[in-house]
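A.B. asks: So that you have it, the file is input_17.pdb, and it contains PDB, C-alpha atoms:
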ATOM      1  CA  MET F 453     161.611 -19.314-201.670
ATOM      2  CA  THR F 454     165.040 -17.823-202.262
ATOM      3  CA  THR F 455     165.535 -16.701-205.851
ATOM      4  CA  SER F 456     168.524 -15.476-207.793
ATOM      5  CA  THR F 457     169.370 -13.969-211.106
ATOM      6  CA  TYR F 458     171.655 -15.871-213.400
ATOM      7  CA  ARG F 459     173.206 -15.646-216.815
ATOM      8  CA  ASP F 460     173.718 -18.446-219.313
ATOM      9  CA  LEU F 461     177.144 -19.012-220.846
ATOM     10  CA  VAL F 462     178.702 -21.348-223.388
ATOM     11  CA  CYS F 463     182.142 -22.834-222.723
ATOM     12  CA  ALA F 464     184.209 -24.954-225.082
ATOM     13  CA  ALA F 465     185.403 -28.446-224.186
ATOM     14  CA  ALA F 466     188.895 -29.599-225.157
ATOM     15  CA  ASP F 467     187.509 -31.052-228.405
ATOM     16  CA  GLY F 468     185.469 -27.933-229.167
ATOM     17  CA  VAL F 469     182.091 -29.209-227.988
ATOM     18  CA  GLU F 470     179.887 -26.398-226.692
ATOM     19  CA  LEU F 471     178.974 -26.842-223.020
ATOM     20  CA  ALA F 472     176.019 -24.916-221.564
ATOM     21  CA  VAL F 473     176.809 -23.253-218.231
ATOM     22  CA  ARG F 474     174.594 -21.246-215.884
ATOM     23  CA  ASP F 475     176.318 -18.608-213.741
ATOM     24  CA  HIS F 476     174.333 -18.138-210.522
ATOM     25  CA  GLY F 477     176.711 -15.497-209.158
ATOM     26  CA  GLY F 478     177.422 -15.184-205.459
ATOM     27  CA  ASP F 479     180.593 -14.645-203.455
ATOM     28  CA  GLY F 480     182.818 -16.988-201.512
ATOM     29  CA  ALA F 481     184.368 -20.377-202.156
ATOM     30  CA  PRO F 482     183.475 -21.492-205.711
ATOM     31  CA  VAL F 483     181.404 -24.570-206.524
ATOM     32  CA  LEU F 484     180.377 -26.186-209.814
ATOM     33  CA  LEU F 485     177.135 -28.181-209.872
ATOM     34  CA  LEU F 486     176.558 -31.295-212.006
ATOM     35  CA  HIS F 487     173.193 -32.974-212.621
ATOM     36  CA  GLY F 488     172.201 -36.613-213.093
ATOM     37  CA  ALA F 489     171.731 -38.845-216.135
ATOM     38  CA  GLY F 490     168.938 -37.686-218.410
ATOM     39  CA  ARG F 491     168.557 -34.492-216.400
ATOM     40  CA  THR F 492     169.836 -30.916-216.824
ATOM     41  CA  LEU F 493     171.227 -27.985-214.870
ATOM     42  CA  ALA F 494     167.600 -26.972-214.251
ATOM     43  CA  ASP F 495     167.556 -29.531-211.417
ATOM     44  CA  TRP F 496     169.643 -27.078-209.363
ATOM     45  CA  ALA F 497     167.019 -24.297-209.596
ATOM     46  CA  ARG F 498     166.136 -24.522-205.891
ATOM     47  CA  VAL F 499     169.590 -25.303-204.465
ATOM     48  CA  ALA F 500     171.825 -22.923-206.444
ATOM     49  CA  PRO F 501     170.276 -19.668-205.110
ATOM     50  CA  LEU F 502     170.747 -20.916-201.550
ATOM     51  CA  LEU F 503     174.381 -21.804-202.209
ATOM     52  CA  ALA F 504     174.961 -18.416-203.874
ATOM     53  CA  GLU F 505     174.316 -16.747-200.509
ATOM     54  CA  ARG F 506     177.721 -18.040-199.370
ATOM     55  CA  HIS F 507     179.506 -19.265-202.503
ATOM     56  CA  ARG F 508     180.328 -18.446-206.123
ATOM     57  CA  VAL F 509     178.120 -20.843-208.027
ATOM     58  CA  TRP F 510     177.976 -22.311-211.521
ATOM     59  CA  ALA F 511     175.984 -25.232-212.929
ATOM     60  CA  MET F 512     176.494 -26.992-216.251
ATOM     61  CA  ASP F 513     174.690 -29.305-218.630
ATOM     62  CA  LEU F 514     176.748 -32.456-219.057
ATOM     63  CA  ARG F 515     177.861 -33.382-222.565
ATOM     64  CA  GLY F 516     174.947 -34.864-224.486
ATOM     65  CA  HIS F 517     172.424 -33.426-222.022
ATOM     66  CA  GLY F 518     170.317 -30.289-221.931
ATOM     67  CA  ARG F 519     171.813 -27.708-224.260
ATOM     68  CA  SER F 520     175.370 -29.006-224.354
ATOM     69  CA  GLY F 521     176.695 -30.648-227.505
ATOM     70  CA  ASP F 522     177.163 -34.364-228.126
ATOM     71  CA  GLY F 523     180.668 -34.334-229.583
ATOM     72  CA  ALA F 524     182.174 -36.984-231.827
ATOM     73  CA  VAL F 525     183.739 -39.222-229.155
ATOM     74  CA  PRO F 526     181.869 -41.750-226.975
ATOM     75  CA  TRP F 527     180.564 -40.636-223.576
ATOM     76  CA  THR F 528     182.941 -41.785-220.821
ATOM     77  CA  PHE F 529     183.732 -40.627-217.305
ATOM     78  CA  GLU F 530     187.131 -39.478-218.517
ATOM     79  CA  VAL F 531     185.542 -37.276-221.198
ATOM     80  CA  ALA F 532     182.951 -35.916-218.752
ATOM     81  CA  ALA F 533     185.611 -35.092-216.156
ATOM     82  CA  GLY F 534     187.641 -33.363-218.865
ATOM     83  CA  ASP F 535     184.617 -31.227-219.689
ATOM     84  CA  VAL F 536     184.415 -30.175-216.037
ATOM     85  CA  THR F 537     188.072 -29.140-216.088
ATOM     86  CA  ALA F 538     187.448 -27.075-219.237
ATOM     87  CA  VAL F 539     184.425 -25.321-217.685
ATOM     88  CA  LEU F 540     186.310 -24.535-214.473
ATOM     89  CA  ALA F 541     189.143 -23.026-216.483
ATOM     90  CA  ALA F 542     186.753 -20.969-218.629
ATOM     91  CA  CYS F 543     184.983 -19.666-215.512
ATOM     92  CA  GLY F 544     188.282 -18.733-213.872
ATOM     93  CA  ALA F 545     187.672 -21.169-211.027
ATOM     94  CA  PRO F 546     190.075 -24.111-211.455
ATOM     95  CA  GLY F 547     190.021 -24.623-207.673
ATOM     96  CA  ALA F 548     186.243 -24.980-207.332
ATOM     97  CA  VAL F 549     184.668 -27.806-205.369
ATOM     98  CA  VAL F 550     182.764 -30.061-207.771
ATOM     99  CA  VAL F 551     179.313 -31.043-206.501
ATOM    100  CA  GLY F 552     177.258 -33.615-208.348
ATOM    101  CA  HIS F 553     173.926 -35.389-208.024
ATOM    102  CA  SER F 554     173.446 -38.987-209.190
ATOM    103  CA  LEU F 555     175.595 -39.430-212.341
ATOM    104  CA  GLY F 556     177.008 -35.965-211.634
ATOM    105  CA  GLY F 557     178.159 -37.155-208.220
ATOM    106  CA  MET F 558     180.017 -40.045-209.797
ATOM    107  CA  ILE F 559     181.691 -37.598-212.187
ATOM    108  CA  ALA F 560     182.582 -35.324-209.259
ATOM    109  CA  ALA F 561     184.403 -38.186-207.553
ATOM    110  CA  ARG F 562     186.263 -38.957-210.801
ATOM    111  CA  CYS F 563     187.263 -35.282-211.084
ATOM    112  CA  LEU F 564     188.791 -35.493-207.622
ATOM    113  CA  GLU F 565     191.133 -38.198-208.872
ATOM    114  CA  ARG F 566     191.762 -36.788-212.341
ATOM    115  CA  ASP F 567     192.119 -33.022-211.783
ATOM    116  CA  ARG F 568     194.728 -31.938-209.262
ATOM    117  CA  GLY F 569     193.190 -28.473-209.065
ATOM    118  CA  VAL F 570     189.908 -29.746-207.614
ATOM    119  CA  PRO F 571     190.329 -29.551-203.823
ATOM    120  CA  ALA F 572     187.270 -31.581-202.836
ATOM    121  CA  ALA F 573     184.115 -33.131-204.233
ATOM    122  CA  VAL F 574     180.551 -33.947-203.211
ATOM    123  CA  ASN F 575     178.588 -36.946-204.453
ATOM    124  CA  LEU F 576     174.865 -36.620-203.741
ATOM    125  CA  ASP F 577     173.268 -40.045-204.142
ATOM    126  CA  GLY F 578     175.392 -41.055-207.118
ATOM    127  CA  HIS F 579     175.743 -44.797-206.569
ATOM    128  CA  GLY F 580     174.804 -46.379-209.882
ATOM    129  CA  MET F 581     173.554 -49.961-209.624
ATOM    130  CA  GLY F 582     176.562 -51.200-207.670
ATOM    131  CA  ARG F 583     177.864 -54.763-207.501
ATOM    132  CA  PRO F 584     175.772 -57.943-206.877
ATOM    133  CA  GLU F 585     177.455 -58.486-203.507
ATOM    134  CA  GLN F 586     176.066 -55.148-202.299
ATOM    135  CA  TYR F 587     172.479 -56.456-202.474
ATOM    136  CA  VAL F 588     172.137 -57.738-198.927
ATOM    137  CA  GLY F 589     170.135 -60.935-198.518
ATOM    138  CA  LEU F 590     169.754 -61.659-202.240
ATOM    139  CA  ASP F 591     171.480 -64.326-204.290
ATOM    140  CA  ALA F 592     174.162 -62.841-206.562
ATOM    141  CA  THR F 593     172.934 -64.756-209.620
ATOM    142  CA  TYR F 594     169.398 -63.474-209.067
ATOM    143  CA  VAL F 595     170.728 -59.918-208.720
ATOM    144  CA  ARG F 596     172.744 -60.183-211.956
ATOM    145  CA  GLU F 597     169.645 -61.341-213.829
ATOM    146  CA  ARG F 598     167.557 -58.479-212.477
ATOM    147  CA  LEU F 599     170.285 -55.915-213.164
ATOM    148  CA  GLY F 600     170.424 -57.211-216.720
ATOM    149  CA  GLU F 601     166.680 -56.606-217.041
ATOM    150  CA  ALA F 602     167.034 -53.125-215.583
ATOM    151  CA  ARG F 603     169.836 -52.335-218.019
ATOM    152  CA  LYS F 604     167.748 -53.577-220.946
ATOM    153  CA  PHE F 605     164.876 -51.344-219.843
ATOM    154  CA  ALA F 606     167.217 -48.337-219.555
ATOM    155  CA  ASP F 607     168.731 -49.013-222.978
ATOM    156  CA  GLU F 608     165.300 -49.235-224.586
ATOM    157  CA  ALA F 609     164.056 -46.061-222.893
ATOM    158  CA  GLY F 610     167.135 -43.874-223.424
ATOM    159  CA  GLY F 611     166.618 -41.320-226.188
ATOM    160  CA  ARG F 612     163.502 -43.102-227.484
ATOM    161  CA  PRO F 613     161.740 -40.923-230.105
ATOM    162  CA  PHE F 614     158.108 -39.941-229.729
ATOM    163  CA  ALA F 615     155.626 -37.960-231.815
ATOM    164  CA  PRO F 616     155.321 -34.233-231.046
ATOM    165  CA  ASP F 617     151.667 -34.690-230.080
ATOM    166  CA  ALA F 618     152.797 -37.083-227.312
ATOM    167  CA  LEU F 619     154.675 -34.315-225.485
ATOM    168  CA  ASP F 620     151.655 -33.511-223.332
ATOM    169  CA  ALA F 621     151.594 -37.125-222.132
ATOM    170  CA  VAL F 622     155.310 -36.964-221.290
ATOM    171  CA  LEU F 623     154.763 -33.760-219.342
ATOM    172  CA  GLY F 624     151.732 -35.305-217.665
ATOM    173  CA  TYR F 625     153.812 -38.231-216.443
ATOM    174  CA  GLN F 626     156.376 -35.810-215.033
ATOM    175  CA  SER F 627     153.606 -33.855-213.303
ATOM    176  CA  ALA F 628     152.312 -37.073-211.743
ATOM    177  CA  MET F 629     155.787 -37.849-210.444
ATOM    178  CA  ALA F 630     156.058 -34.329-209.057
ATOM    179  CA  ALA F 631     152.755 -34.762-207.213
ATOM    180  CA  VAL F 632     153.919 -38.023-205.624
ATOM    181  CA  LEU F 633     157.173 -36.424-204.505
ATOM    182  CA  GLY F 634     155.639 -33.131-203.399
ATOM    183  CA  ILE F 635     157.660 -31.154-205.940
ATOM    184  CA  PRO F 636     156.301 -28.186-207.918
ATOM    185  CA  ALA F 637     155.275 -29.547-211.319
ATOM    186  CA  GLU F 638     156.837 -26.584-213.144
ATOM    187  CA  LEU F 639     160.296 -27.640-211.936
ATOM    188  CA  MET F 640     159.900 -31.096-213.458
ATOM    189  CA  GLU F 641     158.511 -29.574-216.656
ATOM    190  CA  ALA F 642     161.473 -27.194-216.941
ATOM    191  CA  GLY F 643     163.854 -30.150-216.941
ATOM    192  CA  VAL F 644     161.874 -31.937-219.642
ATOM    193  CA  ARG F 645     161.709 -28.920-221.921
ATOM    194  CA  ARG F 646     165.429 -28.262-221.541
ATOM    195  CA  SER F 647     166.092 -31.902-222.479
ATOM    196  CA  LEU F 648     164.028 -31.914-225.678
ATOM    197  CA  GLY F 649     165.785 -32.862-228.883
ATOM    198  CA  GLU F 650     164.427 -33.411-232.386
ATOM    199  CA  THR F 651     165.257 -36.103-234.922
ATOM    200  CA  ALA F 652     165.752 -35.470-238.632
ATOM    201  CA  ASP F 653     162.197 -36.677-239.340
ATOM    202  CA  GLY F 654     160.591 -34.350-236.792
ATOM    203  CA  GLN F 655     160.235 -36.769-233.880
ATOM    204  CA  LEU F 656     161.072 -35.588-230.357
ATOM    205  CA  PHE F 657     163.272 -37.288-227.768
ATOM    206  CA  LEU F 658     164.675 -36.506-224.352
ATOM    207  CA  ARG F 659     168.417 -36.063-224.411
ATOM    208  CA  PRO F 660     170.809 -37.759-224.334
ATOM    209  CA  GLY F 661     170.056 -39.450-227.651
ATOM    210  CA  ARG F 662     170.051 -43.216-228.005
ATOM    211  CA  GLN F 663     173.769 -43.674-228.658
ATOM    212  CA  ARG F 664     174.931 -41.311-225.924
ATOM    213  CA  ALA F 665     172.358 -42.766-223.522
ATOM    214  CA  TRP F 666     173.704 -46.274-224.172
ATOM    215  CA  GLU F 667     177.279 -45.070-223.690
ATOM    216  CA  THR F 668     176.338 -43.401-220.404
ATOM    217  CA  GLN F 669     174.720 -46.583-219.127
ATOM    218  CA  GLU F 670     177.791 -48.558-220.216
ATOM    219  CA  ALA F 671     180.080 -46.171-218.350
ATOM    220  CA  MET F 672     178.008 -46.373-215.162
ATOM    221  CA  ALA F 673     177.919 -50.173-215.322
ATOM    222  CA  GLY F 674     181.688 -50.317-215.735
ATOM    223  CA  ILE F 675     182.865 -48.012-212.965
ATOM    224  CA  ASP F 676     183.885 -49.433-209.577
ATOM    225  CA  LEU F 677     182.961 -46.524-207.349
ATOM    226  CA  PHE F 678     184.227 -47.958-204.088
ATOM    227  CA  ALA F 679     187.644 -48.656-205.618
ATOM    228  CA  LEU F 680     187.653 -45.021-206.758
ATOM    229  CA  TYR F 681     186.646 -43.814-203.293
ATOM    230  CA  ARG F 682     189.512 -45.734-201.743
ATOM    231  CA  ARG F 683     192.007 -44.206-204.171
ATOM    232  CA  VAL F 684     191.155 -40.524-203.710
ATOM    233  CA  ALA F 685     193.347 -38.575-201.313
ATOM    234  CA  ARG F 686     191.387 -35.325-201.023
ATOM    235  CA  PRO F 687     188.134 -34.640-199.135
ATOM    236  CA  LEU F 688     185.035 -36.331-200.511
ATOM    237  CA  LEU F 689     181.519 -36.024-199.121
ATOM    238  CA  ILE F 690     179.147 -38.837-200.077
ATOM    239  CA  ALA F 691     175.471 -38.356-199.237
ATOM    240  CA  ARG F 692     172.728 -40.909-199.757
ATOM    241  CA  SER F 693     168.974 -40.507-199.750
ATOM    242  CA  LEU F 694     167.310 -41.849-196.606
ATOM    243  CA  ARG F 695     163.867 -42.348-198.145
ATOM    244  CA  PRO F 696     163.017 -44.941-200.824
ATOM    245  CA  ASN F 697     161.836 -43.800-204.205
ATOM    246  CA  PRO F 698     158.064 -44.179-204.567
ATOM    247  CA  SER F 699     156.810 -47.087-206.646
ATOM    248  CA  MET F 700     155.976 -45.916-210.150
ATOM    249  CA  PRO F 701     153.361 -47.416-212.499
ATOM    250  CA  GLY F 702     154.725 -49.876-215.035
ATOM    251  CA  MET F 703     157.815 -50.902-213.043
ATOM    252  CA  PRO F 704     158.416 -54.647-212.477
ATOM    253  CA  PRO F 705     157.334 -55.905-209.031
ATOM    254  CA  TRP F 706     160.879 -56.935-208.072
ATOM    255  CA  VAL F 707     162.291 -53.384-208.307
ATOM    256  CA  ASP F 708     161.337 -52.388-204.760
ATOM    257  CA  GLU F 709     162.813 -55.592-203.323
ATOM    258  CA  LEU F 710     166.043 -55.105-205.245
ATOM    259  CA  MET F 711     166.411 -51.465-204.248
ATOM    260  CA  ALA F 712     165.731 -52.205-200.575
ATOM    261  CA  ALA F 713     168.511 -54.811-200.591
ATOM    262  CA  TYR F 714     170.863 -52.406-202.332
ATOM    263  CA  VAL F 715     170.147 -49.630-199.832
ATOM    264  CA  ARG F 716     171.099 -51.964-196.986
ATOM    265  CA  GLY F 717     174.350 -52.846-198.724
ATOM    266  CA  LEU F 718     175.152 -49.211-199.463
ATOM    267  CA  ALA F 719     174.587 -48.204-195.848
ATOM    268  CA  ARG F 720     176.915 -50.994-194.699
ATOM    269  CA  ASP F 721     179.660 -50.269-197.247
ATOM    270  CA  LEU F 722     179.557 -46.482-196.870
ATOM    271  CA  ALA F 723     179.827 -46.807-193.086
ATOM    272  CA  GLU F 724     182.892 -49.022-193.499
ATOM    273  CA  LEU F 725     184.374 -46.577-196.011
ATOM    274  CA  ALA F 726     183.938 -43.641-193.643
ATOM    275  CA  ARG F 727     185.480 -45.659-190.812
ATOM    276  CA  THR F 728     188.586 -46.649-192.754
ATOM    277  CA  ARG F 729     189.154 -43.653-195.059
ATOM    278  CA  PRO F 730     189.636 -40.350-193.192
ATOM    279  CA  GLN F 731     189.269 -38.323-196.416
ATOM    280  CA  VAL F 732     185.699 -39.590-196.882
ATOM    281  CA  THR F 733     182.674 -38.155-195.067
ATOM    282  CA  VAL F 734     179.321 -39.933-195.313
ATOM    283  CA  ALA F 735     175.977 -38.239-194.642
ATOM    284  CA  GLY F 736     172.277 -38.765-195.279
ATOM    285  CA  VAL F 737     169.558 -36.539-196.727
ATOM    286  CA  ASP F 738     165.984 -36.939-195.541
ATOM    287  CA  GLY F 739     164.533 -37.329-199.014
ATOM    288  CA  THR F 740     164.354 -39.614-202.037
ATOM    289  CA  HIS F 741     166.748 -39.606-204.970
ATOM    290  CA  ALA F 742     165.002 -36.402-206.118
ATOM    291  CA  MET F 743     166.568 -34.604-203.127
ATOM    292  CA  LEU F 744     167.612 -31.500-205.100
ATOM    293  CA  LEU F 745     163.991 -30.580-205.721
ATOM    294  CA  GLU F 746     162.538 -32.102-202.551
ATOM    295  CA  ARG F 747     165.007 -30.914-199.915
ATOM    296  CA  PRO F 748     166.874 -27.884-201.296
ATOM    297  CA  GLU F 749     167.592 -26.263-197.927
ATOM    298  CA  GLU F 750     168.967 -29.489-196.480
ATOM    299  CA  VAL F 751     171.118 -30.174-199.545
ATOM    300  CA  ALA F 752     172.447 -26.610-199.673
ATOM    301  CA  GLY F 753     173.257 -26.652-195.970
ATOM    302  CA  LEU F 754     175.063 -29.972-196.249
ATOM    303  CA  VAL F 755     177.146 -28.832-199.228
ATOM    304  CA  SER F 756     177.923 -25.400-197.793
ATOM    305  CA  GLY F 757     178.908 -26.820-194.409
ATOM    306  CA  PHE F 758     181.281 -29.265-196.079
ATOM    307  CA  VAL F 759     182.868 -26.622-198.326
ATOM    308  CA  ARG F 760     183.268 -24.082-195.541
ATOM    309  CA  GLY F 761     184.852 -26.757-193.346
ATOM    310  CA  LEU F 762     187.636 -27.477-195.836
ATOM    311  CA  PRO F 763     191.151 -26.362-194.843
ATOM    312  CA  GLY F 764     191.825 -22.751-195.897
ATOM    313  CA  ARG F 765     188.188 -22.049-196.850
ATOM    314  CA  PRO F 766     186.265 -19.029-195.533
TER
END
Show me the file's structure as structure tokens.
C.D. replies:
Amino acid sequence: MTTSTYRDLVCAAADGVELAVRDHGGDGAPVLLLHGAGRTLADWARVAPLLAERHRVWAMDLRGHGRSGDGAVPWTFEVAAGDVTAVLAACGAPGAVVVGHSLGGMIAARCLERDRGVPAAVNLDGHGMGRPEQYVGLDATYVRERLGEARKFADEAGGRPFAPDALDAVLGYQSAMAAVLGIPAELMEAGVRRSLGETADGQLFLRPGRQRAWETQEAMAGIDLFALYRRVARPLLIARSLRPNPSMPGMPPWVDELMAAYVRGLARDLAELARTRPQVTVAGVDGTHAMLLERPEEVAGLVSGFVRGLPGRP
């Protein structure tokens, strides 16, 4: 497996919040990598070294995640995109392509609209839960009810404290997920350990904390991604996973049905978007949502090919 050296930096957001950044080095067109909700820059451990063979590469922990600060203001897409602008300026790369996975991909698309210096963006499987009409073959009222249940579950789980002696069980669950997905367990464990926070009474939790986790879920529920996609005027690559996520113990039985309907709607709507919006490119990755750890070569090749194909890029 390709490896690389890196150095960890701290950059300041506009409001002074410390943002953790990992400099993976490399030469060529610059890219900044953003992770998903509840994850950290450690998710890019397999992709970043591959990208650094052709590009100048940084990754960052989003505000409230990993080792970046929380700040005093609520978590919003506007705040997150502003943090990206601050990191790009601090790294001397205001013209970098912003590449994000999951929530990070949604932020990358927002950066493309907000920051005139960002020439292009990549959204890797960052679709949120979408709109009820995107769930093909299911009644919209039924979908709204199920999405409400899913949101309640996410709100209850986000930042939930647990006793220090329960950490082994948390890591064990992550290892089980890694085994199902065929991912090295140590990569999943690295993300968990980077996410660990501690409450005032000595309990542990996985960042973001409860308030920031709720705000993140609220932001994702409120954004109309396809309206955003239609507004952007610069190149945007949107990739979706082509394999369903494996069923996990404890999930309600309707989850698989709901996700299958949503995948059909996404495929339909992304195809129409690509057909009608020349600035948008749509692709697929032969993996699940955990594509960064499952399919690093494929993801790196997709991103690098897109970046190198941009006008004026080497």
A.B. asks: Give me the residues near F:Leu576 as a PyMOL selection string, where near means some atom within 7 Å (using only C-alpha atoms) and where sequence neighbours in that chain fewer than 5 positions away do not count.
C.D. replies: chain F and resi 552-554+557+690-692
A.B. asks: Could you pull the residues within 10 Å of F:Glu641, counting all atoms listed in the file, minus those fewer than 3 positions along the same chain, as a list in words?
C.D. replies: Ala494, Val622, Leu623, Gly624, Tyr625, Gln626, Ser627, Ala630, Pro636, Ala637, Glu638, Val644, Arg645, Arg646 and Ser647 of chain F
A.B. asks: Could you give me, as JSON lines, a per-residue list for stretch 661-724 of chain F showing, wherever an atom lies at most 8 Å from an atom of stretch 578-581 of chain F, the closest pair of atoms and their distance in Å to one decimal, using only C-alpha atoms and sorting by chain then residue number from low to high?
C.D. replies:
{"residue": "F:Met672", "atom": "CA", "partner": "F:Gly580", "partner_atom": "CA", "distance": 6.2}
{"residue": "F:Ala673", "atom": "CA", "partner": "F:Met581", "partner_atom": "CA", "distance": 7.2}
{"residue": "F:Leu677", "atom": "CA", "partner": "F:His579", "partner_atom": "CA", "distance": 7.5}
{"residue": "F:Arg692", "atom": "CA", "partner": "F:Gly578", "partner_atom": "CA", "distance": 7.8}
A.B. asks: Using all atoms listed in the file, can you tell me which of F:Gln731, F:Gln663, F:Thr740, F:Thr668 comes closest to F:Arg683?
C.D. replies: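 Closest residue, counting all atoms listed in the file: F:Gln731.
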A.B. asks: So which residues touch stretch 558-563 of chain F within 8 Å, counting only C-alpha atoms, skipping near sequence neighbours fewer than 2 positions away, as a ChimeraX atom specification?
C.D. replies: /F:486,529-530,532-533,536-537,550-556,565-567,570,573-575,578-579,677,680-681,688
A.B. asks: Could you tell me which of F:Ala572, F:Val732, F:Ala742, F:Ala592 comes closest to F:Ala481 if we count all atoms listed in the file?
C.D. replies: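 Smallest distance to F:Ala481 is found for F:Ala572.
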A.B. asks: I'd like the interatomic distance between atom CA of F:Gly611 and atom CA of F:Ala713, to a tenth of an Å.
C.D. replies: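 Answer for the atom CA of F:Gly611 to atom CA of F:Ala713 separation: 29.0 Å.
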A.B. asks: Residues at most 9 Å from F:Leu658, counting all atoms listed in the file, excluding those fewer than 2 positions away in the same chain, as a PyMOL selection string?
C.D. replies: chain F and resi 490+517-518+610-613+644-650+656+660-661
A.B. asks: Carefully work through the PyMOL selection byres ((chain F and resi 589) around 12) for this structure and note down the residues it includes, as a list in words.
C.D. replies: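 What the PyMOL selection byres ((chain F and resi 589) around 12) grabs from the file is Pro584, Glu585, Gln586, Tyr587, Val588, Leu590, Asp591, Ala592, Tyr594, Val595, Glu709, Leu710, Met711, Ala712, Ala713, Tyr714, Val715, Arg716 and Gly717 of chain F.
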A.B. asks: So which residues get picked by the PyMOL selection byres ((chain F and resi 469) around 9) here, written as a list in words?
C.D. replies: Cys463, Ala464, Ala465, Ala466, Asp467, Gly468, Glu470, Leu471, Arg515, Ser520, Gly521, Asp522, Gly523, Ala524 and Asp535 of chain F
A.B. asks: Set out as JSON lines a contact list for stretch 557-639 of chain F and stretch 746-758 of chain F with a cut-off of 8 Å, giving each residue of stretch 557-639 of chain F that qualifies its closest atom pair and distance in Å to one decimal, counting all atoms listed in the file, ordered by chain and rising residue number.
C.D. replies:
{"residue": "F:Val574", "atom": "CA", "partner": "F:Val755", "partner_atom": "CA", "distance": 7.3}
{"residue": "F:Leu633", "atom": "CA", "partner": "F:Glu746", "partner_atom": "CA", "distance": 7.2}
{"residue": "F:Gly634", "atom": "CA", "partner": "F:Glu746", "partner_atom": "CA", "distance": 7.0}
{"residue": "F:Ile635", "atom": "CA", "partner": "F:Glu746", "partner_atom": "CA", "distance": 6.0}
A.B. asks: Could you tell me how far atom CA of F:Ala719 sits from atom CA of F:Asn697, in Å to one decimal place?
C.D. replies: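 Pair atom CA of F:Asn697 / atom CA of F:Ala719 returns 15.9 Å.
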A.B. asks: Give, as JSON, the centre coordinates and the x, y and z edge lengths in Å to one decimal for an axis-aligned box around all listed atoms of stretch 457-462 of chain F, padded by 4 Å on each side.
C.D. replies:
{"center_x": 174.0, "center_y": -17.7, "center_z": -217.2, "size_x": 17.3, "size_y": 15.4, "size_z": 20.3}
